[in-house]
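Novice: My file is protein_36.txt. It has compact mmCIF, C-alpha atoms and all ligand atoms:
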```txt
# COMPACT_ATOMS: atom_id res chain seq x y z
CA MET A 1 146.41 142.86 165.95
CA ASN A 2 146.23 143.11 169.71
CA ALA A 3 143.25 140.85 170.51
CA PRO A 4 142.42 137.42 169.09
CA LEU A 5 139.64 137.73 166.52
CA ALA A 6 137.35 135.35 168.35
CA ARG A 7 137.30 137.54 171.42
CA ARG A 8 136.52 140.72 169.54
CA ARG A 9 132.93 141.76 169.93
CA SER A 10 131.11 140.92 166.71
CA PRO A 11 129.19 143.84 165.22
CA TRP A 12 126.45 141.35 164.21
CA ARG A 13 124.56 140.81 167.44
CA SER A 14 120.90 140.53 166.45
CA PRO A 15 119.25 137.70 168.40
CA LEU A 16 117.03 137.00 165.40
CA ARG A 17 119.82 135.74 163.16
CA GLY A 18 119.87 131.99 162.89
CA PRO A 19 119.40 129.12 160.46
CA TRP A 20 115.62 129.01 160.95
CA LEU A 21 115.06 132.63 159.94
CA THR A 22 117.50 132.35 157.04
CA SER A 23 115.77 129.16 155.86
CA VAL A 24 112.30 130.69 155.99
CA LEU A 25 113.47 133.56 153.80
CA GLY A 26 115.38 131.09 151.63
CA ALA A 27 112.26 128.98 151.14
CA VAL A 28 110.38 132.00 149.79
CA LEU A 29 113.22 132.75 147.37
CA LEU A 30 113.40 129.09 146.41
CA VAL A 31 109.88 129.37 145.07
CA GLY A 32 110.28 132.86 143.59
CA ILE A 33 113.64 132.70 141.87
CA PRO A 34 112.84 129.72 139.60
CA VAL A 35 109.70 131.57 138.49
CA LEU A 36 111.83 134.64 137.70
CA PHE A 37 114.34 132.48 135.83
CA VAL A 38 111.75 130.67 133.72
CA THR A 39 109.72 133.78 132.89
CA GLY A 40 112.99 135.54 132.05
CA LEU A 41 114.00 132.79 129.62
CA LEU A 42 110.51 132.92 128.14
CA SER A 43 110.86 136.64 127.59
CA TYR A 44 113.93 136.05 125.46
CA ALA A 45 112.11 133.35 123.49
CA ALA A 46 109.20 135.73 122.97
CA TYR A 47 111.41 138.03 120.90
CA ASN A 48 111.83 135.15 118.40
CA PRO A 49 115.59 135.78 118.31
CA GLY A 50 116.19 132.86 115.95
CA LEU A 51 114.13 134.58 113.28
CA SER A 52 116.28 137.62 112.64
CA ALA A 53 119.38 139.44 113.77
CA VAL A 54 117.25 142.51 114.51
CA ASN A 55 115.14 140.49 116.97
CA ASP A 56 118.14 138.99 118.72
CA LYS A 57 119.48 141.14 121.52
CA THR A 58 121.92 138.41 122.61
CA PRO A 59 123.47 137.04 119.42
CA ASP A 60 126.39 135.39 121.23
CA LYS A 61 124.22 133.21 123.45
CA GLY A 62 125.55 129.96 121.95
CA LEU A 63 124.31 126.89 123.79
CA LEU A 64 122.35 129.01 126.25
CA GLY A 65 119.75 129.41 123.53
CA PHE A 66 119.14 125.65 123.42
CA TYR A 67 115.59 126.01 124.71
CA LEU A 68 114.35 128.59 122.19
CA PHE A 69 111.12 127.88 120.35
CA SER A 70 108.80 129.77 118.08
CA TRP A 71 106.66 132.00 120.31
CA PRO A 72 102.94 131.16 119.97
CA THR A 73 100.09 133.63 119.42
CA HIS A 74 97.78 131.80 121.84
CA PRO A 75 96.66 132.77 124.38
CA TYR A 76 96.67 136.38 123.27
CA TRP A 77 97.62 137.53 126.79
CA LEU A 78 100.60 135.17 127.02
CA TYR A 79 103.43 137.72 127.18
CA ARG A 80 101.37 140.05 129.31
CA LEU A 81 101.16 137.24 131.86
CA THR A 82 104.73 135.92 131.70
CA GLN A 83 106.37 139.33 131.70
CA GLY A 84 103.91 140.83 134.18
CA VAL A 85 104.82 138.02 136.56
CA HIS A 86 108.55 138.43 135.88
CA VAL A 87 108.66 142.15 136.64
CA THR A 88 106.07 142.26 139.41
CA LEU A 89 107.46 139.27 141.26
CA GLY A 90 111.02 140.52 140.82
CA ILE A 91 110.14 143.83 142.43
CA ALA A 92 108.06 142.24 145.20
CA LEU A 93 110.90 139.89 146.15
CA VAL A 94 113.36 142.73 146.82
CA PRO A 95 112.59 142.93 150.57
CA VAL A 96 112.94 139.14 150.89
CA LEU A 97 116.27 139.23 149.08
CA LEU A 98 117.55 142.05 151.28
CA ALA A 99 116.32 140.34 154.44
CA LYS A 100 117.99 137.12 153.39
CA LEU A 101 121.26 138.97 152.82
CA TRP A 102 120.89 140.69 156.18
CA SER A 103 120.33 137.33 157.86
CA VAL A 104 123.60 135.88 156.58
CA VAL A 105 125.70 139.02 156.56
CA PRO A 106 128.14 137.82 159.28
CA LYS A 107 128.98 134.84 157.05
CA LEU A 108 129.90 137.12 154.20
CA PHE A 109 132.65 138.65 156.32
CA THR A 110 134.05 135.56 158.07
CA LEU A 111 137.75 135.44 158.79
CA PRO A 112 139.90 133.88 157.60
CA PRO A 113 138.17 134.20 154.21
CA VAL A 114 139.26 130.73 153.07
CA ARG A 115 139.99 127.74 155.32
CA SER A 116 140.14 124.85 152.86
CA ALA A 117 139.51 123.90 149.25
CA GLY A 118 135.89 123.01 150.04
CA HIS A 119 135.47 126.27 151.88
CA ALA A 120 136.98 128.15 148.94
CA LEU A 121 134.41 126.58 146.62
CA GLU A 122 131.61 127.49 148.96
CA ARG A 123 132.88 131.07 149.17
CA LEU A 124 133.08 131.31 145.39
CA SER A 125 129.54 130.04 145.00
CA LEU A 126 128.45 132.62 147.59
CA LEU A 127 130.17 135.38 145.65
CA LEU A 128 128.34 134.36 142.47
CA LEU A 129 125.13 133.96 144.44
CA VAL A 130 125.16 137.32 146.18
CA GLY A 131 126.80 139.16 143.31
CA GLY A 132 124.58 137.50 140.72
CA GLY A 133 121.43 138.17 142.74
CA LEU A 134 122.23 141.83 143.34
CA PHE A 135 123.24 142.22 139.70
CA GLU A 136 120.03 140.68 138.32
CA PHE A 137 117.73 142.62 140.61
CA THR A 138 119.59 145.89 140.02
CA THR A 139 119.79 145.64 136.24
CA GLY A 140 116.15 144.53 136.04
CA ILE A 141 114.88 147.38 138.18
CA LEU A 142 117.07 149.98 136.47
CA ASN A 143 115.81 148.82 133.11
CA VAL A 144 112.18 149.03 134.14
CA GLN A 145 112.54 152.35 135.92
CA LEU A 146 115.15 154.25 133.99
CA ASP A 147 114.34 153.27 130.47
CA TYR A 148 117.46 151.48 129.31
CA VAL A 149 120.32 153.21 131.08
CA PHE A 150 122.69 150.75 129.45
CA PRO A 151 121.88 151.31 125.79
CA GLY A 152 121.52 148.10 123.87
CA SER A 153 123.39 146.05 126.41
CA PHE A 154 120.73 145.42 129.06
CA TYR A 155 119.47 142.25 127.43
CA PRO A 156 122.77 140.33 127.25
CA LEU A 157 123.79 141.54 130.72
CA HIS A 158 120.53 140.42 132.29
CA PHE A 159 120.45 137.19 130.27
CA TYR A 160 123.99 136.01 131.08
CA GLY A 161 123.62 137.29 134.64
CA GLY A 162 120.47 135.20 134.93
CA TRP A 163 122.32 132.03 134.00
CA VAL A 164 125.16 132.76 136.43
CA PHE A 165 122.70 133.55 139.20
CA ALA A 166 120.59 130.45 138.47
CA GLY A 167 123.68 128.24 138.51
CA ALA A 168 124.82 129.73 141.80
CA VAL A 169 121.35 129.29 143.30
CA LEU A 170 121.33 125.64 142.22
CA ALA A 171 124.76 125.01 143.77
CA HIS A 172 123.72 126.84 146.93
CA VAL A 173 120.51 124.82 147.25
CA CYS A 174 122.43 121.55 146.79
CA LEU A 175 124.93 122.58 149.47
CA LYS A 176 122.42 123.96 151.96
CA LEU A 177 119.25 121.94 151.51
CA PRO A 178 119.88 119.42 154.33
CA THR A 179 120.81 122.22 156.76
CA ALA A 180 117.82 124.29 155.69
CA VAL A 181 115.38 121.40 156.08
CA ARG A 182 116.74 120.66 159.53
CA ALA A 183 116.51 124.34 160.44
CA LEU A 184 112.93 124.66 159.21
CA ARG A 185 111.97 121.63 161.34
CA SER A 186 113.69 123.12 164.38
CA ARG A 187 110.97 125.67 165.04
CA ASP A 188 107.24 125.84 164.46
CA LEU A 189 106.28 128.72 162.18
CA ARG A 190 102.88 129.21 163.77
CA ALA A 191 104.32 129.27 167.27
CA GLU A 192 106.94 131.73 166.06
CA LEU A 193 104.24 134.00 164.68
CA ARG A 194 102.68 134.13 168.15
CA THR A 195 105.89 134.99 169.97
CA PRO A 196 106.23 138.65 171.01
CA THR A 197 109.51 140.55 171.31
CA ALA A 198 109.73 139.99 175.06
CA ARG A 199 109.81 136.22 174.62
CA THR A 200 112.11 136.25 171.58
CA ARG A 201 115.25 134.20 172.23
CA PRO A 202 118.18 133.33 169.96
CA GLU A 203 117.88 130.04 168.10
CA THR A 204 119.42 127.06 169.89
CA GLY A 205 121.44 124.09 168.69
CA ASP A 206 123.00 126.11 165.88
CA THR A 207 125.64 124.35 163.80
CA THR A 208 125.83 127.01 161.09
CA GLY A 209 127.44 129.84 162.98
CA LEU A 210 124.62 132.20 162.08
CA VAL A 211 123.48 132.68 165.66
CA ALA A 212 125.33 135.52 167.38
CA SER A 213 127.76 134.31 170.04
CA ASP A 214 127.07 137.45 172.01
CA PRO A 215 123.44 138.28 171.17
CA ALA A 216 121.90 141.66 172.05
CA GLU A 217 118.48 142.05 173.64
CA PRO A 218 115.70 141.66 171.04
CA THR A 219 114.15 144.89 169.75
CA ILE A 220 111.77 143.09 167.44
CA SER A 221 110.29 139.59 167.32
CA ARG A 222 110.72 137.14 164.45
CA ARG A 223 107.05 137.73 163.80
CA GLY A 224 107.77 141.46 163.56
CA ALA A 225 110.76 140.98 161.29
CA LEU A 226 108.96 138.58 158.94
CA GLY A 227 105.90 140.83 159.06
CA MET A 228 107.99 143.81 158.04
CA VAL A 229 109.45 141.91 155.10
CA GLY A 230 106.02 140.60 154.10
CA LEU A 231 104.47 144.04 154.35
CA GLY A 232 107.30 145.48 152.27
CA SER A 233 106.75 142.87 149.58
CA LEU A 234 103.00 143.33 149.66
CA THR A 235 103.36 147.11 149.35
CA LEU A 236 105.70 146.76 146.38
CA LEU A 237 103.30 144.26 144.83
CA LEU A 238 100.38 146.65 145.24
CA VAL A 239 102.20 149.65 143.81
CA THR A 240 103.55 147.65 140.86
CA ALA A 241 100.97 145.09 139.76
CA GLY A 242 98.53 147.78 138.58
CA GLN A 243 100.71 148.59 135.59
CA SER A 244 100.15 145.16 134.08
CA ILE A 245 96.66 144.50 135.45
CA GLY A 246 95.38 147.88 134.31
CA GLY A 247 91.89 149.28 134.77
CA PRO A 248 91.34 151.22 138.00
CA LEU A 249 94.42 149.51 139.46
CA ARG A 250 96.65 151.48 137.10
CA ARG A 251 96.26 154.43 139.46
CA THR A 252 97.77 152.43 142.31
CA ALA A 253 100.86 151.61 140.25
CA LEU A 254 102.92 154.29 141.97
CA LEU A 255 106.19 152.67 140.99
CA ALA A 256 105.23 152.28 137.35
CA PRO A 257 107.33 154.60 135.26
CA HIS A 258 104.91 154.60 132.34
CA GLY A 259 101.34 155.61 131.86
CA ARG A 260 99.67 155.99 135.21
CA SER A 261 97.31 158.60 133.79
CA PRO A 262 97.07 157.88 130.09
CA GLY A 263 94.18 160.30 129.54
CA THR A 264 90.71 159.50 128.30
CA GLY A 265 88.98 158.72 125.01
CA PRO A 266 89.80 156.07 122.42
CA GLY A 267 93.56 156.72 122.66
CA GLY A 268 93.43 156.84 126.47
CA PHE A 269 95.87 154.03 127.18
CA PRO A 270 99.58 154.16 127.93
CA VAL A 271 102.10 155.31 125.37
CA ASN A 272 105.70 154.29 125.79
CA LYS A 273 107.36 156.34 123.07
CA THR A 274 105.55 159.42 121.79
CA ALA A 275 105.69 160.56 118.17
CA ALA A 276 107.64 163.67 119.18
CA GLY A 277 110.02 161.64 121.34
CA SER A 278 110.65 159.31 118.39
CA HIS A 279 111.27 162.30 116.06
CA ILE A 280 108.38 161.44 113.79
CA ARG A 281 107.92 164.52 111.60
CA PRO A 282 104.46 165.50 110.32
CA GLN A 283 105.57 164.91 106.71
CA ASP A 284 106.61 161.33 107.59
CA VAL A 285 103.06 160.36 108.39
CA GLY A 286 101.03 162.99 106.51
CA THR A 287 99.22 162.76 103.15
CA GLY A 288 102.45 161.76 101.46
CA TRP A 289 102.70 158.61 103.57
CA ARG A 290 102.72 155.34 101.64
CA LEU A 291 102.91 151.79 102.86
CA THR A 292 105.32 149.73 100.81
CA VAL A 293 104.40 146.04 100.71
CA ASP A 294 107.09 143.84 99.28
CA GLY A 295 106.45 140.19 98.57
CA GLY A 296 109.77 139.30 97.01
CA ALA A 297 108.47 139.38 93.43
CA GLY A 298 107.73 143.11 93.45
CA THR A 299 106.37 145.90 95.57
CA VAL A 300 102.96 147.48 96.02
CA GLN A 301 102.48 151.03 97.33
CA LEU A 302 99.34 151.77 99.31
CA THR A 303 97.96 155.06 100.56
CA LEU A 304 96.00 155.23 103.78
CA ASP A 305 92.79 155.39 101.72
CA ASP A 306 93.84 152.27 99.80
CA LEU A 307 94.28 150.47 103.09
CA ARG A 308 90.89 151.63 104.33
CA GLN A 309 89.30 150.07 101.22
CA LEU A 310 90.68 146.64 102.13
CA PRO A 311 88.63 144.29 104.35
CA LEU A 312 89.00 145.59 107.91
CA HIS A 313 89.06 143.19 110.84
CA ARG A 314 88.88 143.65 114.57
CA ALA A 315 90.98 142.14 117.33
CA VAL A 316 90.92 142.75 121.07
CA LEU A 317 94.55 142.68 122.15
CA PRO A 318 96.87 144.24 124.73
CA ILE A 319 100.31 145.73 124.27
CA ALA A 320 102.58 144.19 126.91
CA CYS A 321 106.10 145.59 127.21
CA VAL A 322 109.23 143.84 128.48
CA GLU A 323 109.19 146.49 131.22
CA GLY A 324 106.17 144.78 132.75
CA TRP A 325 103.44 147.32 131.98
CA SER A 326 100.53 146.61 129.70
CA THR A 327 97.87 148.69 128.01
CA GLY A 328 95.27 146.08 128.84
CA ASP A 329 92.93 144.87 126.10
CA GLN A 330 92.19 147.44 123.40
CA HIS A 331 89.87 147.19 120.41
CA TRP A 332 92.01 147.36 117.29
CA GLU A 333 90.77 147.54 113.72
CA GLY A 334 92.81 147.15 110.58
CA VAL A 335 94.02 144.99 107.74
CA ARG A 336 95.09 141.44 108.46
CA LEU A 337 98.79 140.88 107.94
CA ARG A 338 97.97 137.70 106.04
CA ASP A 339 95.71 139.69 103.68
CA LEU A 340 98.62 142.04 103.01
CA ALA A 341 100.80 138.98 102.39
CA ALA A 342 98.23 137.77 99.85
CA LEU A 343 98.30 141.19 98.21
CA ALA A 344 102.05 140.81 97.85
CA GLY A 345 101.72 137.45 96.15
CA HIS A 346 101.63 135.03 99.07
CA GLU A 347 98.02 133.80 98.80
CA ALA A 348 98.65 130.40 100.34
CA ASP A 349 100.96 129.84 103.30
CA PRO A 350 102.04 133.39 104.11
CA PRO A 351 105.66 133.62 105.27
CA GLY A 352 107.01 135.79 108.07
CA VAL A 353 107.35 139.52 107.57
CA PHE A 354 110.04 142.11 108.15
CA VAL A 355 108.42 145.28 109.49
CA GLU A 356 110.09 148.68 109.21
CA SER A 357 108.96 151.94 110.71
CA VAL A 358 109.32 155.34 109.09
CA GLN A 359 111.13 156.17 112.33
CA ARG A 360 114.77 156.93 111.67
CA THR A 361 116.10 157.72 115.16
CA GLY A 362 116.24 156.04 118.54
CA SER A 363 117.06 152.46 119.34
CA PHE A 364 114.13 151.21 117.33
CA ARG A 365 114.73 150.08 113.76
CA ALA A 366 112.64 147.11 112.70
CA VAL A 367 111.40 143.68 113.79
CA ALA A 368 110.75 140.37 112.10
CA LEU A 369 107.49 138.50 112.74
CA SER A 370 107.19 134.75 112.30
CA ALA A 371 105.01 132.99 109.75
CA GLY A 372 102.84 131.82 112.65
CA GLN A 373 102.32 135.40 113.74
CA VAL A 374 101.43 136.52 110.20
CA ARG A 375 98.99 133.62 109.76
CA ASP A 376 97.03 134.43 112.90
CA GLY A 377 93.91 136.27 111.81
CA ARG A 378 94.18 138.60 114.79
CA SER A 379 97.55 139.98 113.66
CA LEU A 380 96.71 143.34 112.15
CA LEU A 381 98.16 146.38 110.56
CA ALA A 382 95.90 148.49 112.74
CA LEU A 383 94.50 151.78 111.45
CA ARG A 384 92.06 152.37 114.27
CA VAL A 385 91.78 151.68 117.98
CA ASN A 386 88.69 151.84 120.17
CA GLY A 387 86.57 153.21 117.33
CA ALA A 388 88.83 156.08 116.25
CA ASP A 389 91.84 156.58 113.97
CA LEU A 390 95.12 155.94 115.73
CA THR A 391 96.56 159.03 117.38
CA HIS A 392 100.05 160.09 116.34
CA ASP A 393 101.44 158.76 119.60
CA HIS A 394 99.79 155.38 119.06
CA GLY A 395 101.38 155.03 115.64
CA TYR A 396 99.22 156.86 113.08
CA PRO A 397 98.65 156.09 110.29
CA ALA A 398 99.31 152.37 110.88
CA ARG A 399 100.84 150.12 113.48
CA VAL A 400 101.27 146.39 113.82
CA ILE A 401 99.50 144.53 116.60
CA VAL A 402 100.20 140.84 117.22
CA PRO A 403 98.57 138.52 119.79
CA GLY A 404 100.65 137.09 122.63
CA ALA A 405 103.85 138.90 121.66
CA PRO A 406 106.06 141.44 123.46
CA GLY A 407 105.20 145.10 122.87
CA VAL A 408 108.31 145.60 120.78
CA MET A 409 106.75 143.49 118.01
CA ASN A 410 104.00 146.09 117.60
CA THR A 411 105.80 148.52 115.33
CA LYS A 412 104.34 152.03 115.10
CA TRP A 413 104.38 154.39 112.12
CA VAL A 414 104.91 151.42 109.81
CA GLY A 415 106.48 152.30 106.45
CA ARG A 416 107.37 148.98 104.90
CA LEU A 417 106.39 145.33 105.12
CA THR A 418 108.64 142.78 103.42
CA PHE A 419 107.08 139.32 103.36
CA GLY A 420 109.52 136.43 103.26
CA ALA A 421 112.42 138.56 104.57
CA THR A 422 113.94 138.49 108.02
CA GLY A 423 116.31 141.45 107.83
CA PHE A 424 117.45 144.50 105.95
CA PRO A 425 118.39 143.68 102.34
CA GLU A 426 122.00 144.77 102.90
CA HIS A 427 122.35 142.09 105.60
CA ALA A 428 120.41 139.38 103.82
N1 LIG B 501 108.32 152.86 115.62
C1 LIG B 501 108.37 152.36 116.85
N2 LIG B 501 107.55 151.35 117.18
C2 LIG B 501 107.56 150.84 118.43
C3 LIG B 501 108.47 151.33 119.40
C4 LIG B 501 109.31 152.40 119.04
O1 LIG B 501 110.12 152.91 119.83
N3 LIG B 501 109.24 152.89 117.77
N4 LIG B 501 108.49 150.76 120.67
C5 LIG B 501 107.99 149.40 120.76
C6 LIG B 501 107.83 148.96 122.13
S1 LIG B 501 109.23 148.48 122.97
C7 LIG B 501 106.62 148.84 122.73
S2 LIG B 501 106.45 148.22 124.28
C8 LIG B 501 105.41 149.30 122.06
C9 LIG B 501 104.79 150.32 122.94
O2 LIG B 501 103.71 150.90 122.30
P1 LIG B 501 103.27 152.35 122.73
O3 LIG B 501 104.49 153.24 122.62
O4 LIG B 501 102.18 152.70 121.80
O5 LIG B 501 102.82 152.25 124.14
O6 LIG B 501 105.66 149.85 120.78
C10 LIG B 501 106.66 149.23 120.04
N5 LIG B 501 106.70 149.84 118.74
MO MO B 502 108.57 147.62 124.96
```
What is this structure when it is put down as structure tokens?

Specialist:
Amino acid sequence: MNAPLARRRSPWRSPLRGPWLTSVLGAVLLVGIPVLFVTGLLSYAAYNPGLSAVNDKTPDKGLLGFYLFSWPTHPYWLYRLTQGVHVTLGIALVPVLLAKLWSVVPKLFTLPPVRSAGHALERLSLLLLVGGGLFEFTTGILNVQLDYVFPGSFYPLHFYGGWVFAGAVLAHVCLKLPTAVRALRSRDLRAELRTPTARTRPETGDTTGLVASDPAEPTISRRGALGMVGLGSLTLLLVTAGQSIGGPLRRTALLAPHGRSPGTGPGGFPVNKTAAGSHIRPQDVGTGWRLTVDGGAGTVQLTLDDLRQLPLHRAVLPIACVEGWSTGDQHWEGVRLRDLAALAGHEADPPGVFVESVQRTGSFRAVALSAGQVRDGRSLLALRVNGADLTHDHGYPARVIVPGAPGVMNTKWVGRLTFGATGFPEHA
């Protein structure tokens, strides 16, 4: 090396970098990330992983599953809300996350990389923080957009990554809170939002080393920079939120991978997996179709006409997928799961049910529903939606619909219901 490092011209010369700007962006993330963490944990709980191995995408969670509880059926829009917030907020925070990384980028490349034991710890926490953050946002977005590019393994990756990221955020907040509070007090936000580029000066009194020692002339004000980030977030919010809010807003959901134009008529709402895409053959769901209802003591076989003779009930419920989109409320009509349980010998106190589809390919096999979900009178084996028979894509001849639960609980092309079981017999 021919010149001392300190005298080399730093490539990071923006006059906007400084503890105040970093802290403003940090404050936004400090509100957003806990919401992402909590709604993410809730999403795992919503699968009722404790109920069955088929529900549990992260069987090795160990102590990290300490908080799990039986997912309720009230309010019926519960998962639509928690997961809509998780996905929409996660996407909308991307510009803030990137801006925050930009604002501290010189620190990520400081030399020497480690000066002391304390410094080493701080660097390690930064590695987990930046790495964990990028990992969580990337895996989440890839999953929503690209339909499970990591087959079967998205859930554990995102779950464990979430814990690592949350831990790193907590450590970072503990380390930086005093500095951040001081920085936020050092400038007045409203005054800053009135300052044009021409009057934009580097922050003063910096003790963090974020302010460039050799700042360039400003090309944008802090107002401009924050405005750009805010506008980016707002745009992402507007082109994402429609997929869970639905109605006319669905058309604005430009980023939504599923169902922007689901067609019209009774079946005119989004379909995630089509019958053809799930390799459902006509003979699987034709006149030869039978529903097998097993109550433990014996099985009953029902044709579609048999089912239609049973008392039919209505429920207005949405499908809300882990990917953040929702069908919005639809008018379902079918046989109550608890009536089917009674038919199978469980008149009083129906137990949970193990639901299998006639589908034999794809990642989808079966799900277990809890006793609470079976007992809820709005949980149906739906035969009709919005006044017409289900279409093949919506699960004809029969699909499950459960209030408050993730979309994956709503099995299509149902072939078998086993009350009192939580898994395939060979695993039981
Ligand atoms: N048989 C079967 N049922 C299924 C699925 C599937 O792939 N196969 N996908 C589940 C998931 S993940 C969701 S979100 C909903 C989506 O319902 P839709 O495909 O009718 O939109 O169906 C659920 N039921
Ligand atoms: Mo889903």

Novice: Ligand LIG 501 (chain B): which residues are within 8 Å, counting all atoms listed in the file, as number ranges by chain?

Specialist: A: 269-274, 278, 319-323, 327, 356-359, 362-366, 393-395, 399, 406-414

Novice: Kindly save the residues from that selection, with C-alpha atoms included, as a short mmCIF file (atom, residue, chain, number, x, y, z; two decimals), in the coordinates of the input.

Specialist:
```
data_model
loop_
_atom_site.label_atom_id
_atom_site.label_comp_id
_atom_site.auth_asym_id
_atom_site.auth_seq_id
_atom_site.Cartn_x
_atom_site.Cartn_y
_atom_site.Cartn_z
CA PHE A 269 95.87 154.03 127.18
CA PRO A 270 99.58 154.16 127.93
CA VAL A 271 102.10 155.31 125.37
CA ASN A 272 105.70 154.29 125.79
CA LYS A 273 107.36 156.34 123.07
CA THR A 274 105.55 159.42 121.79
CA SER A 278 110.65 159.31 118.39
CA ILE A 319 100.31 145.73 124.27
CA ALA A 320 102.58 144.19 126.91
CA CYS A 321 106.10 145.59 127.21
CA VAL A 322 109.23 143.84 128.48
CA GLU A 323 109.19 146.49 131.22
CA THR A 327 97.87 148.69 128.01
CA GLU A 356 110.09 148.68 109.21
CA SER A 357 108.96 151.94 110.71
CA VAL A 358 109.32 155.34 109.09
CA GLN A 359 111.13 156.17 112.33
CA GLY A 362 116.24 156.04 118.54
CA SER A 363 117.06 152.46 119.34
CA PHE A 364 114.13 151.21 117.33
CA ARG A 365 114.73 150.08 113.76
CA ALA A 366 112.64 147.11 112.70
CA ASP A 393 101.44 158.76 119.60
CA HIS A 394 99.79 155.38 119.06
CA GLY A 395 101.38 155.03 115.64
CA ARG A 399 100.84 150.12 113.48
CA PRO A 406 106.06 141.44 123.46
CA GLY A 407 105.20 145.10 122.87
CA VAL A 408 108.31 145.60 120.78
CA MET A 409 106.75 143.49 118.01
CA ASN A 410 104.00 146.09 117.60
CA THR A 411 105.80 148.52 115.33
CA LYS A 412 104.34 152.03 115.10
CA TRP A 413 104.38 154.39 112.12
CA VAL A 414 104.91 151.42 109.81
#
```

Novice: List as a PyMOL selection string the protein and nucleic acid residues near Thr197 in chain A, meaning an atom at most 9 Å away when all atoms listed in the file are counted, but skip any in the same chain fewer than 3 places from it.

Specialist: chain A and resi 200-201+218-224

Novice: Using C-alpha atoms, can you export the residues from the last selection as a CSV table (one decimal), in the coordinates of the input?

Specialist:
```
chain,number,residue,atom,x,y,z
A,200,THR,CA,112.1,136.2,171.6
A,201,ARG,CA,115.2,134.2,172.2
A,218,PRO,CA,115.7,141.7,171.0
A,219,THR,CA,114.2,144.9,169.8
A,220,ILE,CA,111.8,143.1,167.4
A,221,SER,CA,110.3,139.6,167.3
A,222,ARG,CA,110.7,137.1,164.4
A,223,ARG,CA,107.0,137.7,163.8
A,224,GLY,CA,107.8,141.5,163.6
```

Novice: Out of A:Arg384, A:Ala216, A:Ser370, A:Ser43, which residue has the shortest atom-to-atom distance to ligand MO 502 (chain B) when counting all atoms listed in the file?

Specialist: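 For ligand MO 502 (chain B), the nearest of the candidates is A:Ser43.
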
Novice: Select, from A:Pro75, A:Pro19, A:Gly62, A:Gly404, the residue with the minimum atom-to-atom distance to Thr207 in chain A, counting only C-alpha atoms.

Specialist: A:Pro19

Novice: Which residue is closest to ligand MO 502 (chain B)? Choose from A:Thr195, A:Arg80, A:Gln301, A:Gly167 and count all atoms listed in the file.

Specialist: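 Nearest candidate to ligand MO 502 (chain B) out of A:Thr195, A:Arg80, A:Gln301, A:Gly167: A:Arg80.
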
Novice: Need the shell around Pro425 in chain A: protein/DNA/RNA residues with any atom at most 12 Å away, counting only C-alpha atoms. Skip same-chain ones fewer than 3 positions apart. Format as a PyMOL selection string?

Specialist: chain A and resi 294+296+354+356+418+420-422+428

Novice: What's the separation between CA of Ala342 in chain A and CA of Thr299 in chain A, in Å to one decimal place?

Specialist: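 Result for CA of Ala342 in chain A versus CA of Thr299 in chain A: 12.3 Å, one decimal.
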
Novice: Would you compute the distance between CA of Val96 in chain A and CA of Ser14 in chain A? Give it in Å to one decimal.

Specialist: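 CA of Ser14 in chain A lies at a distance of 17.5 Å from CA of Val96 in chain A.
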
Novice: Would you list the contacts of Leu30 in chain A as a PyMOL selection string, taking every protein, DNA or RNA residue within 9 Å and counting only C-alpha atoms, but skipping same-chain residues closer than 4 positions in sequence?

Specialist: chain A and resi 25-26+34+169+173

Novice: Show me, as JSON, numbers by chain, the residues that have an atom within 12 Å of His74 in chain A when counting all atoms listed in the file, minus same-chain residues fewer than 4 positions from it.

Specialist: {"A": [70, 78, 79, 80, 81, 317, 372, 373, 376, 377, 378, 379, 402, 403, 404, 405]}

Novice: Would you kindly return, as a PDB file with C-alpha atoms, in the frame of the given file, each protein, DNA or RNA residue with an atom no farther than 8 Å from any atom of range 123-131 of chain A, considering all atoms listed in the file and excluding same-chain residues fewer than 6 positions away?

Specialist:
```pdb
ATOM      1  CA  LEU A 101     121.260 138.970 152.820  1.00  0.00           C
ATOM      2  CA  PRO A 113     138.170 134.200 154.210  1.00  0.00           C
ATOM      3  CA  VAL A 114     139.260 130.730 153.070  1.00  0.00           C
ATOM      4  CA  VAL A 164     125.160 132.760 136.430  1.00  0.00           C
ATOM      5  CA  PHE A 165     122.700 133.550 139.200  1.00  0.00           C
ATOM      6  CA  ALA A 168     124.820 129.730 141.800  1.00  0.00           C
ATOM      7  CA  VAL A 169     121.350 129.290 143.300  1.00  0.00           C
ATOM      8  CA  ALA A 171     124.760 125.010 143.770  1.00  0.00           C
ATOM      9  CA  HIS A 172     123.720 126.840 146.930  1.00  0.00           C
TER      10      HIS A 172
END
```

Novice: Counting only C-alpha atoms, figure out which residue out of A:Gly18, A:Gly423, A:Gly209, A:Pro106 gets nearest to Leu184 in chain A.

Specialist: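 Nearest to Leu184 in chain A: A:Gly18.
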
Novice: For ligand MO 502 (chain B), which residue out of A:Ser116, A:Gly232, A:Asn143, A:Asp305 is the nearest one, using only C-alpha atoms and all ligand atoms?

Specialist: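 Between A:Ser116, A:Gly232, A:Asn143, A:Asp305, the residue approaching ligand MO 502 (chain B) most closely is A:Asn143.
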
Novice: Pick out the closest residue to Ala241 in chain A from this set: A:Leu255, A:Ala212, A:Ala166, A:Leu310. Count all atoms listed in the file.

Specialist: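 Closest to Ala241 in chain A, using all atoms listed in the file: A:Leu255.
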